[in-house]
Every structure is written in C-alpha cells, then in structure tokens.
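Peer 1: File run-v4.pdb below, PDB, C-alpha atoms and all ligand atoms:
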ATOM      1  CA  MET A1239      87.678  85.619 -49.984
ATOM      2  CA  LYS A1240      85.612  85.401 -46.794
ATOM      3  CA  HIS A1241      86.083  88.657 -44.932
ATOM      4  CA  ILE A1242      84.737  91.358 -42.666
ATOM      5  CA  PHE A1243      84.856  95.029 -43.619
ATOM      6  CA  HIS A1244      84.292  97.839 -41.130
ATOM      7  CA  GLN A1245      84.228 101.378 -42.365
ATOM      8  CA  GLY A1246      86.297 103.591 -40.057
ATOM      9  CA  SER A1247      85.022 106.916 -38.730
ATOM     10  CA  ASN A1248      87.853 108.840 -40.422
ATOM     11  CA  LYS A1249      88.338 108.254 -44.163
ATOM     12  CA  GLU A1250      91.840 109.762 -44.054
ATOM     13  CA  LYS A1251      92.973 106.909 -41.805
ATOM     14  CA  PRO A1252      94.371 103.699 -43.304
ATOM     15  CA  THR A1253      92.518 100.468 -43.842
ATOM     16  CA  PHE A1254      93.996  97.716 -41.704
ATOM     17  CA  LEU A1255      94.323  94.423 -43.565
ATOM     18  CA  LEU A1256      93.998  91.814 -40.801
ATOM     19  CA  LEU A1257      95.584  88.400 -41.375
ATOM     20  CA  HIS A1258      95.138  85.754 -38.688
ATOM     21  CA  GLY A1259      97.430  82.895 -37.641
ATOM     22  CA  THR A1260      96.988  79.188 -38.489
ATOM     23  CA  GLY A1261      93.667  77.913 -37.145
ATOM     24  CA  GLY A1262      92.339  81.421 -36.629
ATOM     25  CA  ASN A1263      89.727  83.395 -38.486
ATOM     26  CA  GLU A1264      88.703  86.885 -39.512
ATOM     27  CA  ASN A1265      87.403  87.732 -36.026
ATOM     28  CA  ASP A1266      90.700  87.193 -34.171
ATOM     29  CA  LEU A1267      92.511  90.463 -34.764
ATOM     30  CA  LEU A1268      89.508  92.835 -34.723
ATOM     31  CA  PRO A1269      90.084  93.964 -31.083
ATOM     32  CA  LEU A1270      93.760  94.540 -31.821
ATOM     33  CA  ALA A1271      92.995  96.790 -34.821
ATOM     34  CA  LYS A1272      90.527  98.752 -32.727
ATOM     35  CA  HIS A1273      93.147  99.191 -30.020
ATOM     36  CA  ILE A1274      95.788 100.445 -32.466
ATOM     37  CA  ASP A1275      93.507 102.949 -34.202
ATOM     38  CA  PRO A1276      89.757 103.005 -33.454
ATOM     39  CA  GLU A1277      89.162 105.412 -36.379
ATOM     40  CA  ALA A1278      90.751 103.235 -39.075
ATOM     41  CA  SER A1279      88.811 101.003 -41.481
ATOM     42  CA  VAL A1280      89.294  97.252 -41.252
ATOM     43  CA  LEU A1281      89.432  94.550 -43.917
ATOM     44  CA  SER A1282      89.817  91.259 -42.087
ATOM     45  CA  VAL A1283      90.291  88.212 -44.295
ATOM     46  CA  ARG A1284      90.020  84.481 -43.687
ATOM     47  CA  GLY A1285      92.756  82.351 -45.265
ATOM     48  CA  ASN A1286      91.512  80.247 -48.197
ATOM     49  CA  VAL A1287      93.567  77.156 -47.339
ATOM     50  CA  SER A1288      92.371  74.561 -44.843
ATOM     51  CA  GLU A1289      94.929  72.410 -43.030
ATOM     52  CA  ASN A1290      92.860  69.719 -41.301
ATOM     53  CA  GLY A1291      90.108  72.278 -40.823
ATOM     54  CA  MET A1292      92.476  75.054 -39.713
ATOM     55  CA  PRO A1293      92.341  78.135 -41.945
ATOM     56  CA  ARG A1294      95.692  79.356 -43.331
ATOM     57  CA  PHE A1295      96.767  81.748 -46.056
ATOM     58  CA  PHE A1296      98.921  79.248 -47.991
ATOM     59  CA  LYS A1297      99.880  75.588 -47.877
ATOM     60  CA  ARG A1298     102.923  74.225 -46.070
ATOM     61  CA  LEU A1299     104.748  70.938 -46.505
ATOM     62  CA  ALA A1300     105.767  70.762 -42.840
ATOM     63  CA  GLU A1301     106.031  73.236 -39.960
ATOM     64  CA  GLY A1302     108.102  76.148 -41.248
ATOM     65  CA  VAL A1303     108.469  74.561 -44.724
ATOM     66  CA  PHE A1304     106.311  76.459 -47.170
ATOM     67  CA  ASP A1305     104.746  75.259 -50.419
ATOM     68  CA  MET A1306     106.359  77.998 -52.492
ATOM     69  CA  GLU A1307     104.133  77.572 -55.532
ATOM     70  CA  ASP A1308     101.028  77.876 -53.388
ATOM     71  CA  LEU A1309     102.514  80.836 -51.488
ATOM     72  CA  LYS A1310     103.068  82.653 -54.806
ATOM     73  CA  ALA A1311      99.549  81.928 -56.070
ATOM     74  CA  ARG A1312      97.875  82.811 -52.740
ATOM     75  CA  THR A1313      99.852  86.052 -52.478
ATOM     76  CA  GLU A1314      98.617  87.051 -55.945
ATOM     77  CA  GLU A1315      95.085  86.038 -55.005
ATOM     78  CA  LEU A1316      95.215  88.139 -51.821
ATOM     79  CA  ASN A1317      96.636  91.151 -53.650
ATOM     80  CA  GLU A1318      93.861  90.952 -56.252
ATOM     81  CA  PHE A1319      91.290  90.542 -53.503
ATOM     82  CA  ILE A1320      92.479  93.734 -51.756
ATOM     83  CA  GLY A1321      92.057  95.615 -55.046
ATOM     84  CA  LYS A1322      88.547  94.255 -55.528
ATOM     85  CA  ALA A1323      87.602  94.951 -51.905
ATOM     86  CA  ALA A1324      88.835  98.561 -52.254
ATOM     87  CA  LYS A1325      86.362  99.053 -55.111
ATOM     88  CA  ASP A1326      83.493  97.184 -53.433
ATOM     89  CA  HIS A1327      83.895  98.921 -50.063
ATOM     90  CA  ASP A1328      85.205 102.229 -51.386
ATOM     91  CA  PHE A1329      88.486 102.520 -49.481
ATOM     92  CA  ASP A1330      91.820 103.916 -50.665
ATOM     93  CA  ARG A1331      93.835 101.010 -52.152
ATOM     94  CA  SER A1332      97.044 102.967 -51.654
ATOM     95  CA  ASN A1333      96.496 103.372 -47.907
ATOM     96  CA  VAL A1334      96.417  99.776 -46.642
ATOM     97  CA  ILE A1335      98.482  98.705 -43.625
ATOM     98  CA  ALA A1336      98.665  94.973 -42.921
ATOM     99  CA  ILE A1337      98.480  93.604 -39.400
ATOM    100  CA  GLY A1338      99.371  89.922 -39.422
ATOM    101  CA  TYR A1339     100.185  87.257 -36.887
ATOM    102  CA  SER A1340     102.262  84.155 -37.635
ATOM    103  CA  ASN A1341     100.947  82.618 -40.882
ATOM    104  CA  GLY A1342      99.132  85.897 -41.583
ATOM    105  CA  ALA A1343     102.342  87.859 -40.971
ATOM    106  CA  ASN A1344     104.118  85.519 -43.376
ATOM    107  CA  ILE A1345     101.756  86.212 -46.254
ATOM    108  CA  ALA A1346     101.879  89.952 -45.426
ATOM    109  CA  ALA A1347     105.691  89.724 -45.599
ATOM    110  CA  ASN A1348     105.342  87.966 -48.942
ATOM    111  CA  LEU A1349     103.118  90.787 -50.253
ATOM    112  CA  LEU A1350     106.054  93.099 -49.414
ATOM    113  CA  PHE A1351     108.513  90.661 -51.054
ATOM    114  CA  THR A1352     106.407  90.567 -54.249
ATOM    115  CA  TYR A1353     104.997  94.064 -54.847
ATOM    116  CA  SER A1354     106.373  97.547 -54.154
ATOM    117  CA  ASP A1355     102.886  99.017 -53.733
ATOM    118  CA  ALA A1356     100.686  96.322 -52.183
ATOM    119  CA  LEU A1357     101.014  97.771 -48.674
ATOM    120  CA  LYS A1358     101.622 101.253 -47.321
ATOM    121  CA  GLY A1359     103.093  99.637 -44.215
ATOM    122  CA  ALA A1360     102.938  96.481 -42.129
ATOM    123  CA  ILE A1361     102.792  95.273 -38.551
ATOM    124  CA  LEU A1362     104.158  91.734 -38.522
ATOM    125  CA  HIS A1363     103.795  89.718 -35.326
ATOM    126  CA  HIS A1364     106.090  86.652 -35.304
ATOM    127  CA  PRO A1365     106.819  86.435 -39.032
ATOM    128  CA  MET A1366     109.396  84.318 -40.844
ATOM    129  CA  VAL A1367     111.327  85.033 -44.048
ATOM    130  CA  PRO A1368     108.668  84.009 -46.588
ATOM    131  CA  ASN A1369     111.046  83.418 -49.486
ATOM    132  CA  ARG A1370     114.855  83.287 -49.550
ATOM    133  CA  GLU A1371     115.101  82.833 -53.335
ATOM    134  CA  THR A1372     113.601  86.071 -54.549
ATOM    135  CA  GLU A1373     114.736  89.602 -55.259
ATOM    136  CA  LEU A1374     112.677  92.147 -53.367
ATOM    137  CA  PRO A1375     110.979  95.090 -55.098
ATOM    138  CA  ASP A1376     111.818  98.682 -54.180
ATOM    139  CA  LEU A1377     110.298  99.271 -50.734
ATOM    140  CA  ALA A1378     111.778 102.748 -50.227
ATOM    141  CA  GLY A1379     110.373 104.292 -47.061
ATOM    142  CA  VAL A1380     107.778 101.566 -46.385
ATOM    143  CA  PRO A1381     107.408 101.367 -42.590
ATOM    144  CA  VAL A1382     107.456  97.854 -41.137
ATOM    145  CA  PHE A1383     107.110  96.861 -37.488
ATOM    146  CA  ILE A1384     108.239  93.331 -36.612
ATOM    147  CA  SER A1385     107.697  91.721 -33.230
ATOM    148  CA  ALA A1386     109.517  88.532 -32.417
ATOM    149  CA  GLY A1387     110.170  86.207 -29.510
ATOM    150  CA  THR A1388     113.744  85.545 -28.395
ATOM    151  CA  ASN A1389     112.512  82.061 -27.451
ATOM    152  CA  ASP A1390     109.956  81.512 -30.230
ATOM    153  CA  PRO A1391     110.110  77.780 -31.102
ATOM    154  CA  ILE A1392     108.421  78.349 -34.491
ATOM    155  CA  CYS A1393     110.469  81.374 -35.617
ATOM    156  CA  PRO A1394     114.144  81.116 -34.604
ATOM    157  CA  SER A1395     115.557  84.609 -33.977
ATOM    158  CA  GLU A1396     117.555  84.594 -37.251
ATOM    159  CA  GLU A1397     114.217  84.512 -39.096
ATOM    160  CA  SER A1398     113.443  87.922 -37.585
ATOM    161  CA  THR A1399     116.904  89.440 -38.033
ATOM    162  CA  ASP A1400     117.188  88.093 -41.607
ATOM    163  CA  LEU A1401     113.736  89.465 -42.439
ATOM    164  CA  GLU A1402     114.761  92.815 -40.965
ATOM    165  CA  SER A1403     117.940  92.920 -43.128
ATOM    166  CA  LEU A1404     116.190  91.834 -46.331
ATOM    167  CA  LEU A1405     113.478  94.473 -45.916
ATOM    168  CA  LYS A1406     116.015  97.168 -44.958
ATOM    169  CA  ASN A1407     118.150  96.334 -48.004
ATOM    170  CA  ALA A1408     115.050  96.928 -50.157
ATOM    171  CA  GLY A1409     114.666 100.382 -48.580
ATOM    172  CA  ALA A1410     111.991  99.682 -45.956
ATOM    173  CA  GLN A1411     112.120 101.402 -42.561
ATOM    174  CA  VAL A1412     112.073  98.482 -40.175
ATOM    175  CA  HIS A1413     111.589  98.461 -36.429
ATOM    176  CA  LEU A1414     112.284  95.118 -34.752
ATOM    177  CA  HIS A1415     110.791  94.594 -31.288
ATOM    178  CA  TRP A1416     111.692  91.638 -29.050
ATOM    179  CA  GLU A1417     109.681  89.833 -26.391
ATOM    180  CA  ASN A1418     110.315  86.526 -24.678
ATOM    181  CA  TYR A1419     106.936  84.823 -24.653
ATOM    182  CA  GLY A1420     107.631  82.247 -27.347
ATOM    183  CA  HIS A1421     105.316  82.400 -30.381
ATOM    184  CA  GLN A1422     102.488  84.065 -28.431
ATOM    185  CA  LEU A1423     101.005  87.370 -29.504
ATOM    186  CA  THR A1424     101.087  89.344 -26.274
ATOM    187  CA  MET A1425      99.881  92.755 -25.085
ATOM    188  CA  PRO A1426     103.365  94.319 -24.699
ATOM    189  CA  GLU A1427     104.098  93.825 -28.403
ATOM    190  CA  VAL A1428     100.659  95.166 -29.354
ATOM    191  CA  GLU A1429     101.385  98.250 -27.215
ATOM    192  CA  ALA A1430     104.778  98.619 -28.921
ATOM    193  CA  ALA A1431     103.069  98.385 -32.333
ATOM    194  CA  LYS A1432     100.588 101.050 -31.241
ATOM    195  CA  VAL A1433     103.395 103.422 -30.199
ATOM    196  CA  TRP A1434     105.211 102.751 -33.519
ATOM    197  CA  TYR A1435     101.989 103.380 -35.490
ATOM    198  CA  GLY A1436     101.379 106.621 -33.575
ATOM    199  CA  GLN A1437     104.722 107.929 -34.822
ATOM    200  CA  LEU A1438     104.062 107.312 -38.535
TER     201      LEU A1438
HETATM  202  C1  LIG B   1     103.585  79.176 -41.154
HETATM  203  O1  LIG B   1     103.323  78.036 -41.511
HETATM  204  O2  LIG B   1     103.200  80.188 -41.734
HETATM  205  C2  LIG B   1     104.412  79.300 -39.930
HETATM  206  O3  LIG B   1     104.964  78.107 -39.583
HETATM  207  C3  LIG B   1     103.651  79.877 -38.790
HETATM  208  C4  LIG B   1     102.455  79.041 -38.453
HETATM  209  O4  LIG B   1     101.420  79.288 -39.017
HETATM  210  O5  LIG B   1     102.549  78.150 -37.621
END
What is this structure when it is put down as structure tokens?

Peer 2:
Amino acid sequence: MKHIFHQGSNKEKPTFLLLHGTGGNENDLLPLAKHIDPEASVLSVRGNVSENGMPRFFKRLAEGVFDMEDLKARTEELNEFIGKAAKDHDFDRSNVIAIGYSNGANIAANLLFTYSDALKGAILHHPMVPNRETELPDLAGVPVFISAGTNDPICPSEESTDLESLLKNAGAQVHLHWENYGHQLTMPEVEAAKVWYGQL
C-alpha cells in the first residue's frame, strides 16, 4: 500500500498507524501524530480504493452503507500490510496505535472488530459501527479513544454510543469524547486525544 514511514526518536514509543478520511491521503494526519507524540514512529497509509478519484479504505454502496465484503477484504489487506511494514521498517508489530478519521477510523474500528491483536490501542475520530453482524474478539484492556460530534450529520450519535458499548462488551477500555462541530476533526478533540494518550 502507498505509505509514509517516519522512524521516531524513541524506539520504545508506539508506531502510529495513520488512516485518513475519504478524499484524503497519507499526508493529512502527519501533523496530528506529531502533536500527540513527537517521539513516536509513524506509518501513514493511503486507502487503496478510489471513489471518483477520492482515496478510501474500503468501498461503500451509499453514504454510511458499507460494502461488507470489500470491508472484510480490505481489513485483511491492511492487517497484512502492517505486518509487512513492521518487518520492512523494523518497528514493533505489537506496539501499533491507530489514529483514524472518518473512513480511516471506520477501518481502524474494523481491525478491532476482527483481530484481538492488530492494534495496541486506537484513537478514532468520528467513527461509525463498522459491522453490526459480527462477534468481536477479546479486546481485554485495549484502550480506545472515540471522538464524536453531537450534531455530526454523517455519524448519528447512536453510532458512537453503540460503538462504545460493543467495544466495552469485548473488554476494551473506551473513552468517548463529545464535540459539537459536526463531522469536522477539530483541535479540541485532538487535544483531548493527546491528554488521553498521555495517561496510557
Ligand atoms: C464511510 O464511508 O466510511 C463513512 O461514511 C465516513 C466517510 O468516509 O464519509
């Protein structure tokens, strides 16, 4: 997959897996990762699907209606890619924390819904429930930060509260943070994610 890797200055720190929103690319979340932990490594990936030229991580049939077969295949592809990248770039596969926005947060959530060990933790900005038909793996103790908008037209608030409950029922430690700037990724939620990360 097309990506950027930056080796962090401290090898004990996690590698941030950066996953952009629809129409974004692997450059979008680099400043955010640097703000959250300037010493961490970064693996920033571009989604392999193009929707009228807009990169995404999996296909959708309509807004908010996912192509579940493609989501499954792309989630497997991304998980395999992280493993390969860990070997190529020599980072610790077991110390990867995803930071995703919107479509990128949705595939990060689906990594959590599919594998117990794909991610050490996740920061999900404006995610949805990626799959309502699946049983989650054991996510005991996996820390997850979710930020959501009370007035997000793309993710109704039940998407966030349902995601929180599903992850909690699988054992994850979930922190749900609310803003009211619609679907936008704003500084206050990035600051909240930074505070949350600092307490891990
Ligand atoms: C999705 O398709 O993943 C969600 O609707 C969010 C978006 O990318 O617009």

Peer 1: Rounded to one decimal, what separation in Å do you get between CA of Arg1370 in chain A and CA of Val1287 in chain A?

Peer 2: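 Separation between CA of Arg1370 in chain A and CA of Val1287 in chain A: 22.3 Å.
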
Peer 1: Between A:Gly1338, A:Gly1321, A:Gly1387, A:Gly1302, which has the minimum distance to ligand LIG 1 (chain B) (counting all atoms listed in the file)?

Peer 2: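 Nearest to ligand LIG 1 (chain B): A:Gly1302.
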
Peer 1: Just so the selection is clear, what residues does the PyMOL selection byres (((chain A and resi 1362) around 7) and not hetatm) cover here, as a list in words?

Peer 2: Ile1337, Gly1338, Tyr1339, Ala1343, Ala1360, Ile1361, His1363, His1364, Pro1365, Phe1383, Ile1384 and Ser1385 of chain A

Peer 1: Each side padded by 8 Å, which centre and which edge lengths in Å (one decimal) define the axis-aligned box around the listed atoms of ligand LIG 1 (chain B)? Give them as lines of an AutoDock Vina configuration file.

Peer 2:
center_x = 103.2
center_y = 79.1
center_z = -39.7
size_x = 19.5
size_y = 18.2
size_z = 20.1

Peer 1: Apply the PyMOL selection byres (((chain A and resi 1270) around 10) and not hetatm) to the displayed file and report the matching residues as a PyMOL selection string.

Peer 2: chain A and resi 1256+1266-1269+1271-1276+1337+1425+1428-1429+1432

Peer 1: Could you pull out the residues sitting within 6 Å of ligand LIG 1 (chain B), using only C-alpha atoms and all ligand atoms, and write them as a PyMOL selection string?

Peer 2: chain A and resi 1259-1260+1298+1301-1302+1340-1341+1344

Peer 1: So, with all atoms listed in the file as the atoms that count, which of A:Trp1434, A:Phe1296, A:Gly1359, A:Ala1386 lies closest to Ala1311 in chain A?

Peer 2: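 Of all the options, A:Phe1296 lies closest to Ala1311 in chain A.
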
Peer 1: Just say which residues the PyMOL selection byres (((chain A and resi 1413) around 7) and not hetatm) picks in this file, as a VMD selection string.

Peer 2: chain A and resid 1382 to 1384 1411 to 1412 1414 to 1415

Peer 1: Choose the residue, out of A:Ala1323, A:Ala1431, A:Val1334, A:Leu1255, that has the smallest atom-to-atom separation from Met1239 in chain A; count only C-alpha atoms.

Peer 2: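 Of A:Ala1323, A:Ala1431, A:Val1334, A:Leu1255, the one nearest Met1239 in chain A, counting only C-alpha atoms, is A:Ala1323.
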
Peer 1: Between CA of Glu1264 in chain A and CA of Leu1349 in chain A, measure the distance and give it in Å to one decimal.

Peer 2: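 Value for the CA of Glu1264 in chain A-CA of Leu1349 in chain A distance: 18.4 Å.
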